[in-house]
Each structure stands twice: as C-alpha cells, then as structure tokens.
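Novice: Here you go, this is entry31.txt (compact mmCIF, C-alpha atoms).
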```
# COMPACT_ATOMS: atom_id res chain seq x y z
CA MET A 828 17.71 -125.52 -0.49
CA ALA A 829 20.58 -124.14 1.54
CA ASP A 830 22.49 -123.04 -1.53
CA ARG A 831 19.55 -120.87 -2.57
CA LEU A 832 19.50 -118.84 0.67
CA THR A 833 21.28 -115.55 0.19
CA PRO A 834 21.58 -112.88 2.88
CA LEU A 835 19.93 -109.61 1.83
CA THR A 836 20.64 -106.08 2.92
CA VAL A 837 17.92 -103.84 4.35
CA PHE A 838 17.22 -102.74 0.78
CA GLY A 839 16.52 -106.33 -0.22
CA GLU A 840 19.67 -106.39 -2.33
CA THR A 841 22.73 -108.61 -2.24
CA ALA A 842 25.29 -105.80 -2.34
CA ALA A 843 25.58 -102.91 0.10
CA ARG A 844 23.94 -99.67 -1.02
CA VAL A 845 26.35 -96.77 -1.56
CA ASP A 846 25.06 -93.33 -2.53
CA ARG A 847 27.44 -90.63 -3.70
CA ILE A 848 25.75 -87.25 -3.76
CA GLY A 849 27.97 -84.23 -4.37
CA THR A 850 30.96 -84.67 -2.07
CA LEU A 851 29.00 -86.87 0.32
CA SER A 852 29.02 -90.63 0.43
CA ILE A 853 26.36 -92.60 2.30
CA ALA A 854 27.37 -96.24 2.57
CA GLU A 855 25.32 -99.03 4.08
CA ARG A 856 27.40 -101.41 6.23
CA PRO A 857 25.77 -104.86 6.28
CA ASP A 858 29.17 -106.43 7.05
CA LEU A 859 29.05 -105.66 10.79
CA ALA A 860 28.00 -107.88 13.66
CA LEU A 861 26.41 -106.22 16.68
CA ALA A 862 25.68 -107.35 20.23
CA SER A 863 24.46 -105.56 23.33
CA LEU A 864 26.34 -105.76 26.60
CA ALA A 865 24.98 -104.75 30.01
CA ALA A 866 26.57 -105.14 33.41
CA ARG A 867 24.50 -107.20 35.81
CA LEU A 868 23.61 -105.67 39.16
CA GLY A 869 26.74 -105.10 41.25
CA ARG A 870 29.03 -106.79 38.71
CA LEU A 871 30.44 -103.71 36.96
CA SER A 872 33.93 -103.88 38.48
CA SER A 873 34.49 -107.52 37.57
CA LEU A 874 33.08 -106.84 34.08
CA GLU A 875 35.54 -103.99 33.66
CA ALA A 876 38.40 -106.20 34.86
CA VAL A 877 37.71 -108.88 32.24
CA ALA A 878 36.86 -106.49 29.39
CA PRO A 879 40.42 -105.97 28.02
CA LEU A 880 40.79 -109.75 27.63
CA VAL A 881 37.50 -110.14 25.76
CA LEU A 882 37.34 -106.91 23.76
CA GLY A 883 41.04 -106.12 23.43
CA ALA A 884 40.47 -102.76 25.13
CA PRO A 885 38.95 -101.45 28.37
CA LEU A 886 35.23 -100.70 28.28
CA PRO A 887 34.67 -97.13 27.09
CA GLY A 888 33.42 -94.47 29.48
CA VAL A 889 30.47 -92.11 29.02
CA SER A 890 29.85 -91.22 25.35
CA ARG A 891 33.03 -92.94 24.16
CA VAL A 892 34.06 -95.73 21.80
CA ALA A 893 36.90 -98.18 22.53
CA GLY A 894 38.57 -101.07 20.75
CA ASP A 895 39.76 -101.90 17.28
CA THR A 896 38.54 -105.07 15.54
CA ILE A 897 35.97 -105.59 18.28
CA ARG A 898 34.70 -102.14 19.15
CA ALA A 899 32.41 -101.21 22.03
CA PHE A 900 30.47 -97.97 22.34
CA TRP A 901 28.70 -96.56 25.36
CA THR A 902 24.91 -96.52 25.13
CA GLY A 903 23.89 -95.76 28.71
CA PRO A 904 25.04 -96.24 32.29
CA GLU A 905 26.70 -99.69 32.49
CA GLN A 906 25.50 -100.57 28.97
CA TRP A 907 27.28 -100.85 25.65
CA LEU A 908 26.83 -102.04 22.08
CA VAL A 909 29.69 -104.04 20.60
CA GLU A 910 30.41 -104.17 16.85
CA ALA A 911 32.85 -106.33 14.88
CA PRO A 912 33.33 -107.50 11.28
CA TYR A 913 30.58 -110.00 10.49
CA ALA A 914 32.86 -112.18 8.37
CA THR A 915 35.11 -113.03 11.31
CA HIS A 916 32.73 -112.43 14.24
CA GLU A 917 29.37 -113.87 13.21
CA ASP A 918 29.30 -115.43 16.70
CA LEU A 919 30.03 -112.12 18.45
CA ALA A 920 27.27 -112.48 21.07
CA ALA A 921 28.40 -116.02 21.96
CA VAL A 922 32.01 -114.88 22.25
CA LEU A 923 31.02 -112.04 24.57
CA LYS A 924 28.81 -114.28 26.69
CA GLN A 925 31.58 -116.84 27.02
CA GLY A 926 34.09 -114.14 27.97
CA PHE A 927 31.92 -112.23 30.44
CA GLY A 928 29.88 -115.08 31.92
CA ALA A 929 27.53 -114.02 34.72
CA ASP A 930 29.02 -110.52 34.94
CA ALA A 931 27.02 -109.33 31.94
CA SER A 932 23.84 -109.85 29.97
CA VAL A 933 24.50 -110.16 26.24
CA THR A 934 22.03 -110.19 23.37
CA GLU A 935 22.54 -110.72 19.66
CA GLN A 936 21.63 -107.52 17.76
CA SER A 937 23.15 -107.97 14.28
CA ASP A 938 19.83 -108.31 12.46
CA GLY A 939 18.07 -105.64 14.51
CA TRP A 940 20.24 -102.72 13.46
CA CYS A 941 21.63 -101.12 10.34
CA ALA A 942 24.76 -98.99 10.01
CA PHE A 943 25.46 -96.20 7.53
CA ASP A 944 28.89 -94.63 7.13
CA ILE A 945 28.65 -91.03 5.98
CA ALA A 946 31.73 -89.19 4.83
CA GLY A 947 32.68 -86.06 2.94
CA ALA A 948 33.21 -82.35 3.42
CA ALA A 949 29.49 -81.66 3.87
CA THR A 950 28.99 -84.28 6.61
CA LEU A 951 28.54 -81.73 9.39
CA ALA A 952 26.14 -79.67 7.29
CA LEU A 953 24.15 -82.84 6.65
CA LEU A 954 23.97 -83.80 10.33
CA GLU A 955 23.10 -80.25 11.34
CA ARG A 956 20.04 -80.42 9.12
CA LEU A 957 19.00 -83.80 10.48
CA CYS A 958 19.44 -83.68 14.26
CA ALA A 959 19.71 -81.37 17.25
CA ALA A 960 22.95 -82.90 18.55
CA ASP A 961 26.14 -80.84 18.53
CA THR A 962 28.03 -83.05 16.06
CA ARG A 963 30.49 -80.21 15.38
CA ALA A 964 31.81 -80.60 18.93
CA MET A 965 32.30 -84.37 18.66
CA ALA A 966 35.88 -85.69 18.86
CA GLN A 967 37.14 -88.90 17.30
CA GLY A 968 35.66 -91.84 19.19
CA ASP A 969 32.73 -89.90 20.64
CA VAL A 970 29.26 -91.43 20.43
CA LEU A 971 25.81 -90.09 21.23
CA ARG A 972 22.24 -91.13 20.72
CA THR A 973 19.63 -88.76 19.42
CA THR A 974 16.78 -88.64 16.93
CA ILE A 975 17.07 -88.22 13.18
CA GLU A 976 13.78 -88.05 11.28
CA HIS A 977 12.05 -89.06 14.57
CA LEU A 978 14.18 -92.24 14.67
CA GLY A 979 16.55 -93.06 17.50
CA CYS A 980 20.09 -93.29 16.12
CA PHE A 981 23.58 -93.65 17.47
CA ILE A 982 26.09 -91.24 15.93
CA ILE A 983 29.74 -92.28 16.16
CA CYS A 984 32.41 -89.76 15.21
CA GLU A 985 35.10 -91.58 13.20
CA GLN A 986 36.90 -88.44 12.06
CA PRO A 987 35.80 -85.07 13.42
CA GLY A 988 33.84 -83.12 10.87
CA ALA A 989 34.48 -85.60 8.07
CA SER A 990 33.32 -89.13 8.82
CA PHE A 991 30.55 -90.52 11.01
CA ARG A 992 28.81 -93.86 11.48
CA LEU A 993 25.07 -93.99 12.17
CA TRP A 994 23.37 -96.99 13.73
CA CYS A 995 19.58 -97.18 13.50
CA ALA A 996 16.90 -99.81 13.84
CA ARG A 997 16.87 -102.07 10.78
CA SER A 998 13.07 -101.86 10.56
CA SER A 999 13.24 -98.10 9.94
CA ALA A 1000 16.55 -97.98 8.06
CA LEU A 1001 14.85 -97.11 4.78
CA SER A 1002 13.26 -94.05 6.43
CA LEU A 1003 16.65 -92.94 7.77
CA HIS A 1004 18.22 -93.54 4.35
CA HIS A 1005 15.47 -91.46 2.75
CA ALA A 1006 16.19 -88.61 5.19
CA LEU A 1007 19.95 -88.83 4.57
CA VAL A 1008 19.60 -88.84 0.79
CA THR A 1009 16.99 -86.05 0.79
CA ALA A 1010 19.20 -83.81 2.93
CA ALA A 1011 22.30 -84.68 0.89
CA VAL A 1012 20.55 -83.81 -2.40
CA ALA A 1013 19.40 -80.51 -0.89
CA LEU A 1014 23.00 -79.71 0.03
CA SER A 1015 24.57 -80.64 -3.29
CA MET B 1119 14.40 -76.20 26.34
CA LEU B 1120 17.74 -77.78 27.14
CA ILE B 1121 18.11 -80.22 30.02
CA PRO B 1122 21.58 -80.44 31.61
CA HIS B 1123 22.02 -84.21 31.79
CA PRO B 1124 24.41 -85.14 34.64
CA LEU B 1125 26.41 -87.45 32.33
CA LEU B 1126 25.92 -85.97 28.86
CA GLY B 1127 25.65 -82.21 29.36
CA LEU B 1128 23.01 -80.03 27.70
CA ARG B 1129 20.56 -82.09 25.67
CA ASP B 1130 17.48 -81.08 23.74
CA ALA B 1131 14.23 -81.59 25.68
CA GLN B 1132 12.79 -83.36 22.60
CA GLU B 1133 14.95 -86.37 23.51
CA PHE B 1134 13.17 -86.70 26.87
CA THR B 1135 9.78 -87.85 28.02
CA TYR B 1136 8.11 -86.65 31.20
CA LEU B 1137 6.62 -88.98 33.78
CA GLY B 1138 5.59 -86.80 36.72
CA ASP B 1139 6.27 -86.02 40.36
CA ALA B 1140 9.53 -87.52 41.65
CA ALA B 1141 7.60 -88.74 44.69
CA LEU B 1142 6.74 -91.74 42.48
CA ILE B 1143 10.17 -93.10 43.48
CA ASP B 1144 8.80 -93.73 46.98
CA ARG B 1145 6.47 -96.59 46.12
CA PRO B 1146 4.73 -97.89 49.28
CA ASP B 1147 5.16 -101.43 50.55
CA GLY B 1148 2.27 -103.36 49.00
CA LEU B 1149 2.23 -105.86 51.88
CA ALA B 1150 1.93 -103.30 54.69
CA ALA B 1151 -1.25 -103.30 56.77
CA ASP B 1152 -2.19 -99.79 55.61
CA ALA B 1153 -1.15 -100.43 51.97
CA ALA B 1154 -4.54 -99.47 50.48
CA GLY B 1155 -4.48 -95.99 52.03
CA ARG B 1156 -0.86 -95.41 51.15
CA PHE B 1157 -1.41 -96.48 47.55
CA PHE B 1158 -4.35 -94.08 47.31
CA ASP B 1159 -1.99 -91.27 48.31
CA TYR B 1160 0.72 -92.59 46.01
CA GLY B 1161 -1.58 -92.95 43.04
CA TYR B 1162 -3.77 -89.85 43.29
CA LEU B 1163 -2.45 -87.17 45.62
CA ARG B 1164 0.21 -84.70 44.47
CA ASP B 1165 1.58 -81.44 45.78
CA ASN B 1166 1.11 -78.62 43.30
CA PRO B 1167 3.73 -76.04 44.25
CA ALA B 1168 4.12 -72.70 42.47
CA GLY B 1169 7.89 -72.86 42.50
CA GLU B 1170 10.45 -75.63 42.60
CA HIS B 1171 9.12 -79.04 41.65
CA ARG B 1172 10.99 -82.35 41.51
CA GLU B 1173 10.05 -84.38 38.44
CA LEU B 1174 10.96 -87.68 36.80
CA TRP B 1175 12.20 -87.38 33.22
CA PHE B 1176 13.31 -90.25 30.96
CA HIS B 1177 16.06 -89.74 28.40
CA GLU B 1178 14.25 -91.97 25.94
CA GLN B 1179 16.05 -90.89 22.77
CA GLY B 1180 19.39 -90.72 24.54
CA ASP B 1181 21.04 -92.92 27.13
CA ARG B 1182 17.73 -94.23 28.54
CA SER B 1183 18.47 -93.06 32.05
CA TRP B 1184 15.81 -91.79 34.44
CA LEU B 1185 16.51 -88.34 35.85
CA VAL B 1186 15.16 -86.32 38.75
CA VAL B 1187 14.87 -82.78 37.40
CA THR B 1188 14.24 -79.97 39.89
CA ARG B 1189 12.44 -77.31 37.89
CA ASN B 1190 10.86 -74.01 38.84
CA ILE B 1191 7.27 -74.27 37.59
CA THR B 1192 6.81 -70.51 37.37
CA THR B 1193 10.03 -69.62 35.51
CA HIS B 1194 10.90 -73.00 33.85
CA GLU B 1195 14.42 -72.60 35.26
CA ILE B 1196 16.07 -75.99 35.80
CA VAL B 1197 17.77 -75.84 39.19
CA ARG B 1198 19.24 -79.32 39.51
CA VAL B 1199 19.37 -82.62 37.61
CA GLU B 1200 20.29 -85.94 39.23
CA LEU B 1201 20.29 -89.55 38.07
CA ALA B 1202 17.14 -91.13 39.53
CA ARG B 1203 19.20 -94.19 40.37
CA ASP B 1204 21.45 -92.11 42.64
CA VAL B 1205 18.40 -90.54 44.29
CA ALA B 1206 16.82 -93.95 44.91
CA LEU B 1207 20.05 -95.40 46.30
CA ALA B 1208 20.46 -92.39 48.61
CA ARG B 1209 16.95 -93.09 49.96
CA GLY B 1210 17.97 -96.62 50.88
CA ARG B 1211 16.54 -98.46 47.87
CA GLY B 1212 18.44 -101.53 46.68
CA ARG B 1213 18.75 -100.28 43.11
```
Take the structure in the file and write it out as structure tokens.
Specialist:
Amino acid sequence: MADRLTPLTVFGETAARVDRIGTLSIAERPDLALASLAARLGRLSSLEAVAPLVLGAPLPGVSRVAGDTIRAFWTGPEQWLVEAPYATHEDLAAVLKQGFGADASVTEQSDGWCAFDIAGAATLALLERLCAADTRAMAQGDVLRTTIEHLGCFIICEQPGASFRLWCARSSALSLHHALVTAAVALS
Amino acid sequence: MLIPHPLLGLRDAQEFTYLGDAALIDRPDGLAADAAGRFFDYGYLRDNPAGEHRELWFHEQGDRSWLVVTRNITTHEIVRVELARDVALARGRGR
C-alpha cells in the first residue's frame, strides 16, 4: 500500500506546475515546508535570543524576511511564518518547537499553504493588476500581506521588480493561479 | 480610503474590517455586583459624536492587528492610529 501513495501538488499532479506566458514565469513550489511561529505572552525577548541558533539568523522585524536555508518572514506583531526546503526539513515544525520550547507556539502549515514564484520583466505590471499593494516600492527581503482576487496572500520580494514569491491558502490556490494566468495572458 | 497603519504605513481600507466604538476595549467586570447594568451600557449605549470618533479596526487581510483609529466622522479625516494592544496596555489591561 505504502508504495502506491504519491504526494500530489495542489493541481493533483505529481510534478510542479510551471506556466511560461510571454516573459513571465509562474512556478508552483510544492517543495517547501512551512510552519507558523508566534511568541508566547511575555516571551519575545528570550525567543529573539534563541532565534539565531534555531533559524541561523535573527528573527526579522516588521515586514521583513530573514535567513537562508530556513527562512522566516514577518506576518504580524510577534508572529512569523518559517519556510525551508521540504526535502531536508520535512520536520520543520518539530525542529522549531524543540529549539524554541515554551517561548513560542509552533504549528505545522506545510499542507495548508501553496507558494508560487513569479518572475520576469512584467512581474510588477502583473502584481499591479492584481493587488492594491505598492509592490514597486518593495526592496529585496520585504514581505507584506494583502488580497489578490479576494484571497489573502503573502508577497515576498526576492528581487525588486523582477522576482516575487506568493504564499496563499492551498484550498484556494487554483483560484489564485487562475487570476495569475489570466492577468499574465492579458499582459502578453 | 487609506489607513496609516502604525507599523506598515498607508494601507488600503479594503484590507480592514470595522468593529465599532473603541469603548468596547473597556469590557466591564462580569463578576461585579452591578455587572448587569454595566453590561447593558457596554452592549447597547454609544456616544454618537459629530466629529472625532475612536473606532476599532481589524487589519484582517494584513498583519491581523487590531487598531484604534481616531476618525473625524464629518470629514473622514483620520487623525490618529494606534495599536489596540498599546491602548489596552496603557489602560492597565494585562494584554
């Protein structure tokens, strides 16, 4: 039985979906693990002290991303989401919980979210059509949450004006993908 | 309308939801002897000023923080925006 179980992407496929439309590429990223991290009441300073040991970098401040292999991004006051390659960090939530102990609440989020990497010269034009956020002003390592197609999404700036990562709820990822592709086709 | 979020700067009002009068922060003690009367006031009675009004807004499609927005009802000018948590702590609440 076990050898017949194959992980599927949000599209129900075995390989990640990549759309290339004009100069734009929209690539699904099912190879990422995700966990939420929130400081418990009054424990922020001890959480911040331990963070470099667990994450490899200090916790990012407001609207920022920090880290390399394990990467945390700010989602709200004293709250973060942490992403890492799934192949090496399938147990991301357990690793965080072990590292932070009672300083933080950690929940597994890998199967609740879906990431799309969008890249290309028309990336800003695409995002301008899809959301009200000022993505043109975003610097490398900036993150914000807003709505795209009425769906709450995180937008991470990987390379200003050229490359962004979107995180959205897995249950509505097909709707976000539809919006991305529709806008990209209109631009091409 | 743009709301100047104290952490994030100007953000589109579409990202926010509105709860109501910021007096809702001052929830009465449910075990006090006069709790019934105070909860009647808390639940039903509101000031209705033609001018500055303090309101609770939730940045639902953003960083999920509660804000106290001081807004002029007659002009829609936003005078001041604070994190509701800071307001509650300043009033002696535990969190």
Novice: Tell me which protein, DNA and RNA residues are within 10 Å of Glu875 in chain A, counting all atoms listed in the file, leaving out same-chain ones fewer than 2 positions away, and put them as a VMD selection string.
Specialist: chain A and resid 866 870 to 873 877 to 880 884 to 887 905 927 930
Novice: If we draw a sphere of 12 Å around (-1.7, -92.7, 44.5), which residues have at least one atom in it when counting only C-alpha atoms? Please report them as a list in words.
Specialist: Asp1139, Ala1141, Leu1142, Ile1143, Asp1144, Arg1145, Pro1146, Ala1153, Ala1154, Gly1155, Arg1156, Phe1157, Phe1158, Asp1159, Tyr1160, Gly1161, Tyr1162, Leu1163, Arg1164 and Asp1165 of chain B
Novice: Can you find the residues with an atom no farther than 10 Å from (29.3, -91.2, 30.1), counting only C-alpha atoms, and report them as a list of chain:residue names?
Specialist: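 Result, sorted by chain then residue number: A:Pro887, A:Gly888, A:Val889, A:Ser890, A:Arg891, A:Trp901, A:Thr902, A:Gly903, A:Pro904, A:Glu905, A:Val970, A:Leu971, B:Pro1124, B:Leu1125, B:Leu1126, B:Gly1127, B:Asp1181.
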Novice: Mind dumping a table of every chain B residue within 9 Å of chain A, with the nearest atom pair and its distance in Å to one decimal, using all atoms listed in the file, sorted by chain and rising number, as CSV?
Specialist:
```
residue,atom,partner,partner_atom,distance
B:Leu1125,CA,A:Val889,CA,7.0
B:Leu1126,CA,A:Ser890,CA,7.4
B:Arg1129,CA,A:Ala960,CA,7.6
B:Asp1130,CA,A:Ala959,CA,6.9
B:Gln1132,CA,A:Thr974,CA,8.7
B:Glu1133,CA,A:Thr973,CA,6.7
B:Glu1178,CA,A:Gly979,CA,8.8
B:Gln1179,CA,A:Thr973,CA,5.3
B:Gly1180,CA,A:Arg972,CA,4.8
B:Asp1181,CA,A:Gly903,CA,4.3
B:Arg1182,CA,A:Gly903,CA,6.3
B:Ser1183,CA,A:Gly903,CA,6.9
B:Arg1213,CA,A:Leu868,CA,8.3
```
Novice: Find the residues near Ala1010 in chain A: any atom within 12 Å, counting all atoms listed in the file, skip ones fewer than 3 places away on the same chain, and give them as a ChimeraX atom specification.
Specialist: /A:848-849,851,853,949-958,975-976,1003-1007,1013-1015
Novice: Those residues you just picked out, can you put them in a file as an mmCIF file, keeping the file's coordinate frame with C-alpha atoms?
Specialist:
```cif
data_model
loop_
_atom_site.group_PDB
_atom_site.id
_atom_site.type_symbol
_atom_site.label_atom_id
_atom_site.label_comp_id
_atom_site.auth_asym_id
_atom_site.auth_seq_id
_atom_site.Cartn_x
_atom_site.Cartn_y
_atom_site.Cartn_z
ATOM 1 C CA ILE A 848 25.750 -87.250 -3.760
ATOM 2 C CA GLY A 849 27.970 -84.230 -4.370
ATOM 3 C CA LEU A 851 29.000 -86.870 0.320
ATOM 4 C CA ILE A 853 26.360 -92.600 2.300
ATOM 5 C CA ALA A 949 29.490 -81.660 3.870
ATOM 6 C CA THR A 950 28.990 -84.280 6.610
ATOM 7 C CA LEU A 951 28.540 -81.730 9.390
ATOM 8 C CA ALA A 952 26.140 -79.670 7.290
ATOM 9 C CA LEU A 953 24.150 -82.840 6.650
ATOM 10 C CA LEU A 954 23.970 -83.800 10.330
ATOM 11 C CA GLU A 955 23.100 -80.250 11.340
ATOM 12 C CA ARG A 956 20.040 -80.420 9.120
ATOM 13 C CA LEU A 957 19.000 -83.800 10.480
ATOM 14 C CA CYS A 958 19.440 -83.680 14.260
ATOM 15 C CA ILE A 975 17.070 -88.220 13.180
ATOM 16 C CA GLU A 976 13.780 -88.050 11.280
ATOM 17 C CA LEU A 1003 16.650 -92.940 7.770
ATOM 18 C CA HIS A 1004 18.220 -93.540 4.350
ATOM 19 C CA HIS A 1005 15.470 -91.460 2.750
ATOM 20 C CA ALA A 1006 16.190 -88.610 5.190
ATOM 21 C CA LEU A 1007 19.950 -88.830 4.570
ATOM 22 C CA ALA A 1013 19.400 -80.510 -0.890
ATOM 23 C CA LEU A 1014 23.000 -79.710 0.030
ATOM 24 C CA SER A 1015 24.570 -80.640 -3.290
#
```
Novice: Could you give me, as a PyMOL selection string, the residues within 10 Å of Ala1131 in chain B, counting all atoms listed in the file and dropping anything in the same chain fewer than 3 positions from it?
Specialist: chain B and resi 1119-1122+1128+1134-1136+1175+1177+1179
Novice: For those residues, write C-alpha atoms to a file as a short mmCIF file (atom, residue, chain, number, x, y, z; two decimals), keeping the file's coordinate frame.
Specialist:
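Final file, out_20.cif:
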```cif
data_model
loop_
_atom_site.label_atom_id
_atom_site.label_comp_id
_atom_site.auth_asym_id
_atom_site.auth_seq_id
_atom_site.Cartn_x
_atom_site.Cartn_y
_atom_site.Cartn_z
CA MET B 1119 14.40 -76.20 26.34
CA LEU B 1120 17.74 -77.78 27.14
CA ILE B 1121 18.11 -80.22 30.02
CA PRO B 1122 21.58 -80.44 31.61
CA LEU B 1128 23.01 -80.03 27.70
CA PHE B 1134 13.17 -86.70 26.87
CA THR B 1135 9.78 -87.85 28.02
CA TYR B 1136 8.11 -86.65 31.20
CA TRP B 1175 12.20 -87.38 33.22
CA HIS B 1177 16.06 -89.74 28.40
CA GLN B 1179 16.05 -90.89 22.77
#
```
Novice: So, with all atoms listed in the file as the atoms that count, which of B:Leu1137, B:Arg1211, B:Leu1185, B:Asp1147 lies closest to Val1199 in chain B?
Specialist: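 Smallest separation from Val1199 in chain B among the options: B:Leu1185.
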Novice: Calculated over all atoms listed in the file, which of the candidates A:Ala948, A:Val837, A:Ala989, A:Val881 has the smallest distance to Leu1001 in chain A?
Specialist: A:Val837
Novice: By how many Å are CA of Ala860 in chain A and CA of Glu917 in chain A apart?
Specialist: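 Those two atoms sit 6.2 Å apart.
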